[in-house]
Amino acid sequence: MPGGPDVWSTSGMVSRATSDLHLDLAEGRGVREGLMEAVREAVRSGRLAPGSRLPSSRSLAADLGLARNTVADAYSELAAEGWLTARQGSGTRVAPRAEPGHRHADPARPRPPGLARPAHDLRPGQPDVAAFPRAAWLRALRRTLAAAPDEAFGYGDDRGRHELRTALAEHLARARGVRTTPDRIVVCAGAVHGLALLADLLRGRRVRRVAGESHALHLHRELLEQRGLAVAALPVDDAGARTDLLDGEGAVLLTPAHQFPTGVALRPDRRAAAVDWARATGGLVIEDDYDGEFRYDRRPVGALQGLDPERVVHLGTASKALAPGLRLGWLVLPAGLAAEVERLVAAEGGTRVPAVEQLVLAELLASGAYDRHVRERRQAYRRRRDELVAALAARVPEVAVRGLAAGLHALVELPAGDGPPGTAETAALRSAAWHGLAVEGLDRFRHPDAAPRADALVVGYATPSPSAWAGALEALCRTLARPAG
Ligand SMILES: Cc1ncc(COP(=O)(O)O)c(C=O)c1O
């Protein structure tokens with residue numbers, strides 16, 4: 001329709017809640033794409049409620065004067081994107097709004113309305129789970145089951161299998177510069193479980209207050225608070241956390257190799273300050289080394305634990321290198337604490353990580369398959385990172401991309417614009433929702449007592465599967481591109 005968007009109107013399009021639905025067809029699109037966008041818009045705006053039944057493709061096609069196949073194709077693509085569900089017998093419906101759980105999901109901040117499953121996912125916190133090394137895992141499982149002693153199927157050691165602790169001690173020394181022996185390692189169900197054990201240990205030592213980075217994973221801060229520890233906010237700047245400001249806290253939780261979420265590495269003087277503080281006060285440094293194996297442009301930043309194994313607990317995880325679904329992590333502890341943590345695990349009823357999974361990881365580490373997988377992933381993520389940088393430089397040159405030397409996410413700083421702080425970030429998040437893109441704003445990771453930082457998005461570029469990556473990157477570019485004119 002010249003001079004404005006086409007407006008498609010149909011009565012009785014939905015069997016519930018809405019009796020008259022207008023579908024706005026954006027100009028310049030193909031008919032199918034225009035119809036899809038119109039349905040997405042109706043869902044976003046709430047005019048089509050979750051669970052609402054859509055008319056059959058035949059009757060909608062008749063109402064709109066379109067070919068039936070056009071409507072059927074649009075429905076099936078929308079179903080593939082997660083907007084609609086199609087089930088034999090119950091027809092095509094708007095997908096329920098409930099989202100599959102995500103590590104960074106925050107109940108206080110509802111997801112963009114209508115996004116049952118985001119069409120594009122660049123939230124940080126997850127590797128490309130499609131790249132899980134299934135064949136290598138299966139081979140290791142076969143070897144493990146054939147070779148494991150009968151005693152492996154008994155209750156076992158509360159610290160975890162000795163094969164895994166031995167393989168980890170060797171691997172962490174070689175790859176991360178960790179100084180330890182197998183008897184100081186406790187296998188846990190992911191970093192979050194390790195942190196919970198440390199929180200219980202600290203409470204047992206009458207610690208009431210710990211420090212955390214001003215911008216960090218909410219999950220971890222909340223976990224500490226739920227266990228009775230007050231968490232003070234340690235400012236983060238371009239050299240990492242201000243460890244020079246540590247004071248009377250009993251412990252500090254840091255992400256030294258690649259600060260989460262700003263992406264900076266802790267500068268050597270700040271690393272030294274953390275250890276000096278711990279030595280002077282008897283405090284404990286907890287090093288969350290969640291993505292330390294993924295480094296690209298710079299020489300690896302060795303584990304902080306290597307500076308003082310008696311003061312620094314190294315907390316590791318298989319969530320980034322392999323998959324979060326494994327729930328596999330490890331604590332590398334000072335000599336005096338290993339037995340205490342072991343008792344805490346025993347009090348929980350023993351290790352939470354099945355022995356067979358532990359043996360498989362030990363086998364992958366010992367055979368070199370783990371290293372091969374990490375090397376392959378490093379190359380794949382580096383390519384994505386380069387594509388992200390190139391696409392943004394070409395299409396949205398006004399943003400600054402930071403935190404790129406390592407890890408699986410980048411910080412995309414937004415131009416401030418004219419509005420008050422936060423305006424650009426809020427606008428970008430709104431635009432992302434509009435484009436079906438799930439992504440986080442930096443402010444979402446801020447400790448409530450901390451000052452806001454520059455407006456930015458935290459982009460997890462490892463999250464999409466290979467087939468979804470190009471679409472996700474395109475959605476990000478469109479999200480950030482200023483409208484022409
Ligand atoms: C900062 C940080 N630490 C640790 C983890 C890994 O946690 P887990 O081992 O419990 O999966 C993540 C994963 O998202 C993370 O973002």
# chains A, B, ... in the order shown; residues from 1 in each chain; ligands from 1

call {"tool": "closest_atom_pairs", "arguments": {"of": "chain A", "to": "ligand 1", "cutoff": "7 Å", "atoms": "only C-alpha atoms and all ligand atoms", "output": "JSON lines"}}
result
{"residue": "A:Arg103", "atom": "CA", "partner": "ligand 1", "partner_atom_place_in_ligand_line": "14 (O)", "distance": 6.4}
{"residue": "A:Gly125", "atom": "CA", "partner": "ligand 1", "partner_atom_place_in_ligand_line": "14 (O)", "distance": 3.6}
{"residue": "A:Gln126", "atom": "CA", "partner": "ligand 1", "partner_atom_place_in_ligand_line": "14 (O)", "distance": 6.0}
{"residue": "A:Gly190", "atom": "CA", "partner": "ligand 1", "partner_atom_place_in_ligand_line": "9 (O)", "distance": 3.5}
{"residue": "A:Ala191", "atom": "CA", "partner": "ligand 1", "partner_atom_place_in_ligand_line": "9 (O)", "distance": 3.6}
{"residue": "A:Val192", "atom": "CA", "partner": "ligand 1", "partner_atom_place_in_ligand_line": "10 (O)", "distance": 3.9}
{"residue": "A:His193", "atom": "CA", "partner": "ligand 1", "partner_atom_place_in_ligand_line": "10 (O)", "distance": 6.5}
{"residue": "A:Ala216", "atom": "CA", "partner": "ligand 1", "partner_atom_place_in_ligand_line": "1 (C)", "distance": 6.6}
{"residue": "A:Leu217", "atom": "CA", "partner": "ligand 1", "partner_atom_place_in_ligand_line": "1 (C)", "distance": 5.6}
{"residue": "A:Thr255", "atom": "CA", "partner": "ligand 1", "partner_atom_place_in_ligand_line": "1 (C)", "distance": 6.7}
{"residue": "A:Phe260", "atom": "CA", "partner": "ligand 1", "partner_atom_place_in_ligand_line": "1 (C)", "distance": 5.1}
{"residue": "A:Asp288", "atom": "CA", "partner": "ligand 1", "partner_atom_place_in_ligand_line": "3 (N)", "distance": 5.8}
{"residue": "A:Tyr290", "atom": "CA", "partner": "ligand 1", "partner_atom_place_in_ligand_line": "4 (C)", "distance": 4.6}
{"residue": "A:Thr317", "atom": "CA", "partner": "ligand 1", "partner_atom_place_in_ligand_line": "9 (O)", "distance": 4.5}
{"residue": "A:Ala318", "atom": "CA", "partner": "ligand 1", "partner_atom_place_in_ligand_line": "9 (O)", "distance": 6.4}
{"residue": "A:Ser319", "atom": "CA", "partner": "ligand 1", "partner_atom_place_in_ligand_line": "11 (O)", "distance": 4.8}
{"residue": "A:Pro324", "atom": "CA", "partner": "ligand 1", "partner_atom_place_in_ligand_line": "11 (O)", "distance": 4.9}
{"residue": "A:Arg327", "atom": "CA", "partner": "ligand 1", "partner_atom_place_in_ligand_line": "11 (O)", "distance": 6.3}
{"residue": "A:Leu328", "atom": "CA", "partner": "ligand 1", "partner_atom_place_in_ligand_line": "9 (O)", "distance": 6.6}
{"residue": "A:Gly329", "atom": "CA", "partner": "ligand 1", "partner_atom_place_in_ligand_line": "9 (O)", "distance": 5.7}

call {"tool": "select_by_dssp", "arguments": {"residues": "region 35-95 of chain A", "states": "strand (DSSP E or B)", "output": "PDB file with N, CA, C and O atoms, in the first residue's frame"}}
result
ATOM      1  N   ARG A  53      -4.783 -19.842  20.326  1.00  0.00           N
ATOM      2  CA  ARG A  53      -4.805 -20.670  19.108  1.00  0.00           C
ATOM      3  C   ARG A  53      -4.907 -19.778  17.889  1.00  0.00           C
ATOM      4  O   ARG A  53      -5.707 -18.841  17.855  1.00  0.00           O
ATOM      5  N   LEU A  84       5.778 -20.059  17.994  1.00  0.00           N
ATOM      6  CA  LEU A  84       4.534 -20.831  17.936  1.00  0.00           C
ATOM      7  C   LEU A  84       4.832 -22.292  18.235  1.00  0.00           C
ATOM      8  O   LEU A  84       5.966 -22.734  18.108  1.00  0.00           O
ATOM      9  N   THR A  85       3.790 -23.002  18.646  1.00  0.00           N
ATOM     10  CA  THR A  85       3.929 -24.455  18.734  1.00  0.00           C
ATOM     11  C   THR A  85       2.850 -25.066  17.848  1.00  0.00           C
ATOM     12  O   THR A  85       1.755 -24.519  17.752  1.00  0.00           O
ATOM     13  N   ALA A  86       3.198 -26.143  17.202  1.00  0.00           N
ATOM     14  CA  ALA A  86       2.205 -26.805  16.347  1.00  0.00           C
ATOM     15  C   ALA A  86       2.105 -28.239  16.799  1.00  0.00           C
ATOM     16  O   ALA A  86       3.115 -28.943  16.872  1.00  0.00           O
ATOM     17  N   ARG A  87       0.927 -28.657  17.187  1.00  0.00           N
ATOM     18  CA  ARG A  87       0.778 -30.036  17.640  1.00  0.00           C
ATOM     19  C   ARG A  87      -0.461 -30.635  17.000  1.00  0.00           C
ATOM     20  O   ARG A  87      -1.498 -29.970  16.882  1.00  0.00           O
ATOM     21  N   GLY A  91      -3.746 -27.878  17.011  1.00  0.00           N
ATOM     22  CA  GLY A  91      -3.526 -26.768  16.089  1.00  0.00           C
ATOM     23  C   GLY A  91      -2.279 -25.968  16.401  1.00  0.00           C
ATOM     24  O   GLY A  91      -1.409 -26.411  17.146  1.00  0.00           O
ATOM     25  N   THR A  92      -2.209 -24.789  15.832  1.00  0.00           N
ATOM     26  CA  THR A  92      -1.044 -23.922  16.016  1.00  0.00           C
ATOM     27  C   THR A  92      -1.368 -22.899  17.094  1.00  0.00           C
ATOM     28  O   THR A  92      -2.400 -22.230  17.029  1.00  0.00           O
ATOM     29  N   ARG A  93      -0.469 -22.804  18.079  1.00  0.00           N
ATOM     30  CA  ARG A  93      -0.718 -21.889  19.191  1.00  0.00           C
ATOM     31  C   ARG A  93       0.494 -21.015  19.436  1.00  0.00           C
ATOM     32  O   ARG A  93       1.613 -21.375  19.076  1.00  0.00           O
ATOM     33  N   VAL A  94       0.271 -19.899  20.110  1.00  0.00           N
ATOM     34  CA  VAL A  94       1.391 -19.079  20.566  1.00  0.00           C
ATOM     35  C   VAL A  94       2.088 -19.848  21.686  1.00  0.00           C
ATOM     36  O   VAL A  94       1.424 -20.382  22.580  1.00  0.00           O
TER      37      VAL A  94
END

call {"tool": "select_by_dssp", "arguments": {"residues": "region 64-288 of chain A", "states": "alpha helix (DSSP H)", "output": "PyMOL selection string"}}
result
chain A and resi 64+68-81+134-147+162-176+190-204+218-226+268-281

call {"tool": "closest_residue", "arguments": {"among": "A:Leu122, A:Val396, A:Leu234, A:Val353", "to": "Leu408 (chain A)", "atoms": "only C-alpha atoms"}}
result
A:Leu122

call {"tool": "residues_around", "arguments": {"residues": "His215 (chain A)", "least_positions_apart": "6", "cutoff": "10 Å", "atoms": "only C-alpha atoms", "output": "PyMOL selection string"}}
result
chain A and resi 233-236+241+259-262+442-448+450-453

call {"tool": "write_last_selection", "arguments": {"atoms": "all heavy atoms", "output": "short mmCIF file (atom, residue, chain, number, x, y, z; two decimals), in the first residue's frame"}}
result
data_model
loop_
_atom_site.label_atom_id
_atom_site.label_comp_id
_atom_site.auth_asym_id
_atom_site.auth_seq_id
_atom_site.Cartn_x
_atom_site.Cartn_y
_atom_site.Cartn_z
N ALA A 233 31.04 -4.80 47.76
CA ALA A 233 31.37 -4.63 46.34
C ALA A 233 32.76 -4.02 46.19
O ALA A 233 33.03 -2.93 46.68
CB ALA A 233 30.34 -3.73 45.67
N LEU A 234 33.63 -4.74 45.50
CA LEU A 234 34.97 -4.25 45.20
C LEU A 234 34.93 -3.65 43.80
O LEU A 234 34.63 -4.36 42.84
CB LEU A 234 35.92 -5.45 45.22
CG LEU A 234 37.39 -5.24 45.52
CD1 LEU A 234 37.59 -4.52 46.84
CD2 LEU A 234 38.09 -6.61 45.55
N PRO A 235 35.23 -2.35 43.68
CA PRO A 235 35.11 -1.74 42.34
C PRO A 235 35.99 -2.47 41.32
O PRO A 235 37.06 -2.98 41.66
CB PRO A 235 35.61 -0.31 42.55
CG PRO A 235 35.54 -0.07 44.01
CD PRO A 235 35.70 -1.39 44.68
N VAL A 236 35.52 -2.48 40.08
CA VAL A 236 36.29 -3.07 38.97
C VAL A 236 36.60 -1.94 37.99
O VAL A 236 35.71 -1.18 37.61
CB VAL A 236 35.46 -4.16 38.25
CG1 VAL A 236 36.15 -4.63 36.99
CG2 VAL A 236 35.20 -5.33 39.18
N ALA A 241 39.70 -5.97 39.44
CA ALA A 241 39.13 -5.59 40.74
C ALA A 241 40.15 -4.79 41.55
O ALA A 241 41.35 -5.05 41.48
CB ALA A 241 38.71 -6.85 41.49
N GLN A 259 37.93 -11.10 33.83
CA GLN A 259 36.89 -10.65 34.76
C GLN A 259 35.50 -10.86 34.14
O GLN A 259 35.27 -10.48 32.99
CB GLN A 259 37.12 -9.17 35.11
CG GLN A 259 36.51 -8.75 36.44
CD GLN A 259 35.03 -8.41 36.37
OE1 GLN A 259 34.57 -7.93 35.36
NE2 GLN A 259 34.31 -8.67 37.45
N PHE A 260 34.62 -11.44 34.96
CA PHE A 260 33.25 -11.60 34.48
C PHE A 260 32.40 -10.51 35.10
O PHE A 260 32.32 -10.42 36.31
CB PHE A 260 32.67 -12.97 34.85
CG PHE A 260 31.34 -13.17 34.20
CD1 PHE A 260 31.25 -13.71 32.92
CD2 PHE A 260 30.16 -12.77 34.84
CE1 PHE A 260 30.02 -13.85 32.30
CE2 PHE A 260 28.94 -12.91 34.20
CZ PHE A 260 28.87 -13.46 32.94
N PRO A 261 31.74 -9.67 34.28
CA PRO A 261 31.59 -9.73 32.83
C PRO A 261 32.42 -8.73 32.03
O PRO A 261 32.27 -8.71 30.81
CB PRO A 261 30.10 -9.39 32.67
CG PRO A 261 29.86 -8.36 33.75
CD PRO A 261 30.77 -8.73 34.90
N THR A 262 33.28 -7.92 32.64
CA THR A 262 33.91 -6.83 31.86
C THR A 262 35.03 -7.34 30.95
O THR A 262 35.42 -6.66 30.01
CB THR A 262 34.48 -5.73 32.77
OG1 THR A 262 35.55 -6.29 33.53
CG2 THR A 262 33.43 -5.16 33.70
N LEU A 442 25.14 -4.75 30.73
CA LEU A 442 26.17 -4.82 31.78
C LEU A 442 25.59 -4.51 33.16
O LEU A 442 25.98 -5.12 34.16
CB LEU A 442 27.31 -3.83 31.44
CG LEU A 442 28.41 -3.70 32.48
CD1 LEU A 442 29.09 -5.04 32.74
CD2 LEU A 442 29.44 -2.67 32.03
N ASP A 443 24.66 -3.58 33.20
CA ASP A 443 24.16 -3.14 34.50
C ASP A 443 23.49 -4.26 35.29
O ASP A 443 23.41 -4.22 36.51
CB ASP A 443 23.18 -1.98 34.31
CG ASP A 443 22.99 -1.22 35.60
OD1 ASP A 443 24.00 -0.73 36.15
OD2 ASP A 443 21.84 -1.13 36.09
N ARG A 444 23.03 -5.23 34.58
CA ARG A 444 22.35 -6.36 35.20
C ARG A 444 23.27 -7.16 36.13
O ARG A 444 22.82 -7.87 37.01
CB ARG A 444 21.90 -7.23 34.04
CG ARG A 444 21.38 -8.51 34.35
CD ARG A 444 20.50 -8.96 33.19
NE ARG A 444 20.36 -10.38 33.20
CZ ARG A 444 20.21 -11.07 34.31
NH1 ARG A 444 20.16 -10.48 35.47
NH2 ARG A 444 20.09 -12.38 34.26
N PHE A 445 24.58 -7.01 35.93
CA PHE A 445 25.55 -7.76 36.73
C PHE A 445 26.09 -6.93 37.89
O PHE A 445 26.99 -7.34 38.59
CB PHE A 445 26.71 -8.23 35.84
CG PHE A 445 26.26 -9.17 34.75
CD1 PHE A 445 26.01 -8.72 33.47
CD2 PHE A 445 26.05 -10.52 35.03
CE1 PHE A 445 25.57 -9.58 32.48
CE2 PHE A 445 25.61 -11.39 34.05
CZ PHE A 445 25.37 -10.92 32.77
N ARG A 446 25.54 -5.74 38.05
CA ARG A 446 26.09 -4.79 39.04
C ARG A 446 25.61 -5.14 40.44
O ARG A 446 24.44 -5.44 40.66
CB ARG A 446 25.65 -3.37 38.66
CG ARG A 446 26.12 -2.30 39.60
CD ARG A 446 25.90 -0.93 39.00
NE ARG A 446 24.52 -0.65 38.69
CZ ARG A 446 23.63 -0.16 39.56
NH1 ARG A 446 24.01 0.10 40.80
NH2 ARG A 446 22.39 0.06 39.19
N HIS A 447 26.54 -5.07 41.37
CA HIS A 447 26.21 -5.17 42.79
C HIS A 447 25.34 -3.97 43.14
O HIS A 447 25.63 -2.85 42.69
CB HIS A 447 27.52 -5.14 43.59
CG HIS A 447 27.35 -5.42 45.04
ND1 HIS A 447 26.69 -4.56 45.89
CD2 HIS A 447 27.78 -6.45 45.83
CE1 HIS A 447 26.71 -5.05 47.12
NE2 HIS A 447 27.36 -6.21 47.11
N PRO A 448 24.28 -4.14 43.96
CA PRO A 448 23.39 -3.01 44.24
C PRO A 448 24.11 -1.79 44.82
O PRO A 448 23.65 -0.66 44.63
CB PRO A 448 22.40 -3.59 45.26
CG PRO A 448 22.58 -5.05 45.24
CD PRO A 448 23.86 -5.40 44.57
N ALA A 450 27.15 -0.81 44.02
CA ALA A 450 28.23 -0.33 43.14
C ALA A 450 27.73 0.74 42.18
O ALA A 450 26.54 0.77 41.83
CB ALA A 450 28.80 -1.50 42.34
N ALA A 451 28.68 1.58 41.76
CA ALA A 451 28.34 2.63 40.80
C ALA A 451 28.17 2.01 39.41
O ALA A 451 28.90 1.08 39.06
CB ALA A 451 29.45 3.67 40.76
N PRO A 452 27.24 2.54 38.63
CA PRO A 452 27.08 2.02 37.26
C PRO A 452 28.33 2.30 36.43
O PRO A 452 29.05 3.26 36.68
CB PRO A 452 25.89 2.81 36.71
CG PRO A 452 25.23 3.45 37.86
CD PRO A 452 26.26 3.60 38.93
N ARG A 453 28.58 1.44 35.46
CA ARG A 453 29.66 1.68 34.50
C ARG A 453 29.04 2.16 33.19
O ARG A 453 27.83 2.35 33.11
CB ARG A 453 30.43 0.37 34.27
CG ARG A 453 31.26 -0.04 35.48
CD ARG A 453 31.86 -1.39 35.23
NE ARG A 453 32.71 -1.38 34.05
CZ ARG A 453 34.04 -1.32 34.08
NH1 ARG A 453 34.67 -1.26 35.24
NH2 ARG A 453 34.74 -1.34 32.97
#

call {"tool": "residues_around", "arguments": {"residues": "Gly282 (chain A)", "least_positions_apart": "3", "cutoff": "9 Å", "atoms": "only C-alpha atoms", "output": "JSON, numbers by chain"}}
result
{"A": [250, 251, 277, 278, 279, 311]}

call {"tool": "residues_around", "arguments": {"residues": "Gln379 (chain A)", "least_positions_apart": "4", "cutoff": "12 Å", "atoms": "only C-alpha atoms", "output": "list in words"}}
result
Glu293, Phe294, Arg295, Tyr296, Asp297, Arg372, His373, Val374, Arg375, Arg383, Arg384, Arg385, Asp386, Ala406, Gly407, Leu408 and Ala462 of chain A

call {"tool": "write_last_selection", "arguments": {"atoms": "C-alpha atoms", "output": "mmCIF file, in the first residue's frame"}}
result
data_model
loop_
_atom_site.group_PDB
_atom_site.id
_atom_site.type_symbol
_atom_site.label_atom_id
_atom_site.label_comp_id
_atom_site.auth_asym_id
_atom_site.auth_seq_id
_atom_site.Cartn_x
_atom_site.Cartn_y
_atom_site.Cartn_z
ATOM 1 C CA GLU A 293 41.612 -22.053 29.150
ATOM 2 C CA PHE A 294 40.270 -19.761 26.452
ATOM 3 C CA ARG A 295 42.845 -17.131 25.598
ATOM 4 C CA TYR A 296 43.527 -15.745 22.164
ATOM 5 C CA ASP A 297 45.849 -12.817 21.671
ATOM 6 C CA ARG A 372 42.669 -31.477 21.702
ATOM 7 C CA HIS A 373 39.064 -30.489 22.278
ATOM 8 C CA VAL A 374 40.038 -27.248 24.031
ATOM 9 C CA ARG A 375 42.452 -26.366 21.202
ATOM 10 C CA ARG A 383 36.985 -17.172 14.637
ATOM 11 C CA ARG A 384 33.644 -16.119 16.063
ATOM 12 C CA ARG A 385 35.250 -13.386 18.094
ATOM 13 C CA ASP A 386 37.004 -12.086 14.953
ATOM 14 C CA ALA A 406 40.128 -14.294 26.271
ATOM 15 C CA GLY A 407 36.941 -16.088 27.198
ATOM 16 C CA LEU A 408 33.643 -16.631 25.491
ATOM 17 C CA ALA A 462 29.983 -18.947 22.069
#

call {"tool": "closest_residue", "arguments": {"among": "A:Ala335, A:Ala239, A:Leu219, A:Ala280", "to": "Val264 (chain A)", "atoms": "only C-alpha atoms"}}
result
A:Ala239

call {"tool": "atom_distance", "arguments": {"atom1": "CA of Pro464 (chain A)", "atom2": "CA of Ala95 (chain A)"}}
result
20.9 Å

call {"tool": "atom_distance", "arguments": {"atom1": "CA of Ala67 (chain A)", "atom2": "CA of Arg47 (chain A)"}}
result
24.4 Å

call {"tool": "closest_residue", "arguments": {"among": "A:Gly336, A:Leu365, A:Tyr461, A:Ala346", "to": "Glu387 (chain A)", "atoms": "only C-alpha atoms"}}
result
A:Tyr461

call {"tool": "atom_distance", "arguments": {"atom1": "CA of Glu163 (chain A)", "atom2": "CA of Leu201 (chain A)"}}
result
25.5 Å

call {"tool": "residues_around", "arguments": {"residues": "Arg203 (chain A)", "least_positions_apart": "2", "cutoff": "10 Å", "atoms": "only C-alpha atoms", "output": "number ranges by chain"}}
result
A: 197-201, 205-209, 224, 227-229, 250

call {"tool": "closest_atom_pairs", "arguments": {"of": "region 375-402 of chain A", "to": "region 475-482 of chain A", "cutoff": "10 Å", "atoms": "only C-alpha atoms", "output": "CSV"}}
result
residue,atom,partner,partner_atom,distance
A:Leu388,CA,A:Cys477,CA,9.2
A:Ala391,CA,A:Cys477,CA,7.3
A:Leu392,CA,A:Cys477,CA,6.5
A:Ala393,CA,A:Cys477,CA,9.9
A:Ala394,CA,A:Cys477,CA,9.5
A:Arg395,CA,A:Cys477,CA,6.6
A:Val396,CA,A:Ala481,CA,5.6
A:Pro397,CA,A:Ala481,CA,9.2
A:Glu398,CA,A:Ala481,CA,9.2
A:Val399,CA,A:Leu480,CA,8.5

call {"tool": "residues_around", "arguments": {"residues": "Arg161 (chain A)", "least_positions_apart": "5", "cutoff": "12 Å", "atoms": "only C-alpha atoms", "output": "ChimeraX atom specification"}}
result
/A:148-149,151-156,166-168,182-183,185-188,330,350-363

call {"tool": "write_last_selection", "arguments": {"atoms": "C-alpha atoms", "output": "short mmCIF file (atom, residue, chain, number, x, y, z; two decimals), in the first residue's frame"}}
result
data_model
loop_
_atom_site.label_atom_id
_atom_site.label_comp_id
_atom_site.auth_asym_id
_atom_site.auth_seq_id
_atom_site.Cartn_x
_atom_site.Cartn_y
_atom_site.Cartn_z
CA ALA A 148 37.60 -49.48 36.06
CA PRO A 149 38.17 -51.58 39.17
CA GLU A 151 35.70 -50.60 43.82
CA ALA A 152 34.92 -47.65 41.52
CA PHE A 153 31.26 -48.61 41.84
CA GLY A 154 31.31 -48.39 45.62
CA TYR A 155 30.76 -45.24 47.73
CA GLY A 156 34.27 -43.99 47.22
CA THR A 166 45.67 -37.00 39.80
CA ALA A 167 44.85 -36.04 36.20
CA LEU A 168 43.63 -32.61 37.32
CA PRO A 182 45.92 -34.69 44.21
CA ASP A 183 45.12 -34.84 47.94
CA ILE A 185 41.74 -31.34 45.23
CA VAL A 186 38.04 -31.87 45.87
CA VAL A 187 35.78 -32.67 42.93
CA CYS A 188 32.49 -30.78 43.02
CA TRP A 330 37.03 -28.83 41.20
CA GLY A 350 29.17 -37.77 49.74
CA THR A 351 30.33 -36.53 46.38
CA ARG A 352 27.60 -35.31 44.04
CA VAL A 353 29.50 -36.23 40.90
CA PRO A 354 28.97 -39.82 39.72
CA ALA A 355 32.16 -41.88 39.73
CA VAL A 356 31.81 -42.91 36.09
CA GLU A 357 31.67 -39.27 34.92
CA GLN A 358 34.74 -38.54 37.01
CA LEU A 359 36.60 -41.45 35.46
CA VAL A 360 35.65 -40.38 31.96
CA LEU A 361 36.99 -36.86 32.55
CA ALA A 362 40.17 -38.37 34.01
CA GLU A 363 40.57 -40.48 30.90
#
